[in-house]
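Data block below; observations after.
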Amino acid sequence: MKKSYQLEVCANSIASALAAQEGGADRVEFCQNLEMGGTTPSLGQIWLARAGLSIGMHVLIRPRAGDFLYTDLEFEEMKADILFCKEAKCDGVVIGLLQANGSVDAVRTAELVALAHPLHVTFHRAFDVCREPFEALETIIASGCARLLTSGMKNTAWEGGRLIKTLVDQAGGRIEVMPGSGINEHNIADVAMATGATAFHSSAKVAIASGMTYVNDAIVGMGEGGWVSSKEKIRQLADILQNL
């Protein structure tokens, strides 16, 4: 029987989210500041993206860049953002919390999963900087998360493919293990074959130039261009998965 594959696009803007939908993605992980690893989008972005999307919309719940060890105040912020996502009728949220010793924060993760119910909950790549992957996987499963996003504790999912395959086998269908990081139209089929995964995460991004005609050369890093998810790249990825 032919496997059914899904494509999730990491969308850093409303434009990227709409490109994901037009390109044939199954859902988006909606965030901003992806150049810093991603943070929670603004309330306005969430409302507008939800209004424009008919595919799944899962919002990153991450109050800041940096590590995944959060203060009590940051944890309250994460809970408030989850409640807003429920109000906005999002389909899911994406979380990741660690303790100082590198283990998954089991208590807080379970609390956020319970708060998010009935939304789908993904544990993100905080997993990739945890101390022990197999223990962490069991903690994440026990917390009630439905999906794990991982690069296999390497910079890219292709490099971490061996561990991802082991995690897929260990999970045994109790949680969906989704490879992400560095996945593109050139390697997605190989990652699928190497890992046994059936869902994949990609930004499918292309650079966009700034429209500014005036540039202050004395200032570096401000007022430059950015990037957006490419409808064409997303279509390529979706077509590859459909034909596997």
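Letters for chains follow the order of the structure tokens (A, B, ...), residue numbers begin at 1 for each chain, and ligand numbers begin at 1 in the order shown.
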
From a DSSP pass on the backbone, collect the residues of segment 58-224 of chain A flagged as strand (DSSP E or B) and hand them back as a PyMOL selection string.
chain A and resi 58-60+92-95+98+104+120-123+147-150+176-180+199-202+205-208

Enumerate as a PyMOL selection string all residues of segment 145-217 of chain A assigned to alpha helix (DSSP H) by DSSP on the backbone, naming them with the chain letters and numbers the document uses.
chain A and resi 161-171+188-195

Could you give me, as a VMD selection string, the residues within 6 Å of segment 111-121 of chain A, counting only C-alpha atoms and dropping anything in the same chain fewer than 5 positions from it?
chain A and resid 91 to 94 145 to 146

Would you save the residues from that selection as a compact mmCIF listing (two decimals), in the first residue's frame, using N, CA and C atoms?
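Wrote result_4.txt, looks like this:
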```txt
# COMPACT_ATOMS: atom_id res chain seq x y z
N ASP A 91 -5.18 25.52 14.41
CA ASP A 91 -5.29 24.06 14.47
C ASP A 91 -4.33 23.43 15.47
N GLY A 92 -3.26 24.13 15.78
CA GLY A 92 -2.29 23.56 16.69
C GLY A 92 -1.27 24.58 17.14
N VAL A 93 -0.45 24.17 18.09
CA VAL A 93 0.65 25.00 18.57
C VAL A 93 1.92 24.16 18.61
N VAL A 94 3.05 24.86 18.61
CA VAL A 94 4.36 24.21 18.56
C VAL A 94 5.16 24.72 19.74
N CYS A 145 2.13 15.23 23.58
CA CYS A 145 2.42 15.81 22.28
C CYS A 145 2.13 14.80 21.17
N ALA A 146 1.64 15.31 20.05
CA ALA A 146 1.27 14.42 18.94
C ALA A 146 2.34 14.34 17.86
```

Might you pull out every residue within 12 Å of Leu7 of chain A, with only C-alpha atoms counted and same-chain residues fewer than 6 positions away left off, and present them as an NGL selection string?
:A and (20-21 or 23-29 or 55-56 or 178-180 or 183-185 or 188 or 192 or 197-204 or 233-242)

Expressed in Å, the length from atom CA of Arg131 of chain A to atom CA of Ile82 of chain A is 26.7 Å

With only C-alpha atoms as the counted atoms, please give the residues lying no more than 9 Å from Arg64 of chain A, apart from itself and same-chain residues fewer than 5 positions off, as a PyMOL selection string.
chain A and resi 36+38-40+74

So which residues touch Val177 of chain A within 6 Å, counting only C-alpha atoms, skipping near sequence neighbours fewer than 5 positions away, as a ChimeraX atom specification?
/A:147-148,168

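With only C-alpha atoms as the atoms that count, the residue of A:Ala171, A:Ala209, A:Ala194, A:Leu34 with the shortest distance to Gly223 of chain A is A:Ala209.
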
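In this model, the gap between atom CA of Leu97 of chain A and atom CA of Phe68 of chain A comes to 5.2 Å.
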
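A straight line drawn from atom CA of Ala65 of chain A to atom CA of Asn33 of chain A is 8.6 Å long.
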
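Distances to Asp105 of chain A were evaluated for A:Ile141, A:Cys85, A:Ala136, A:Val129 using only C-alpha atoms, and the minimum falls at A:Ala136.
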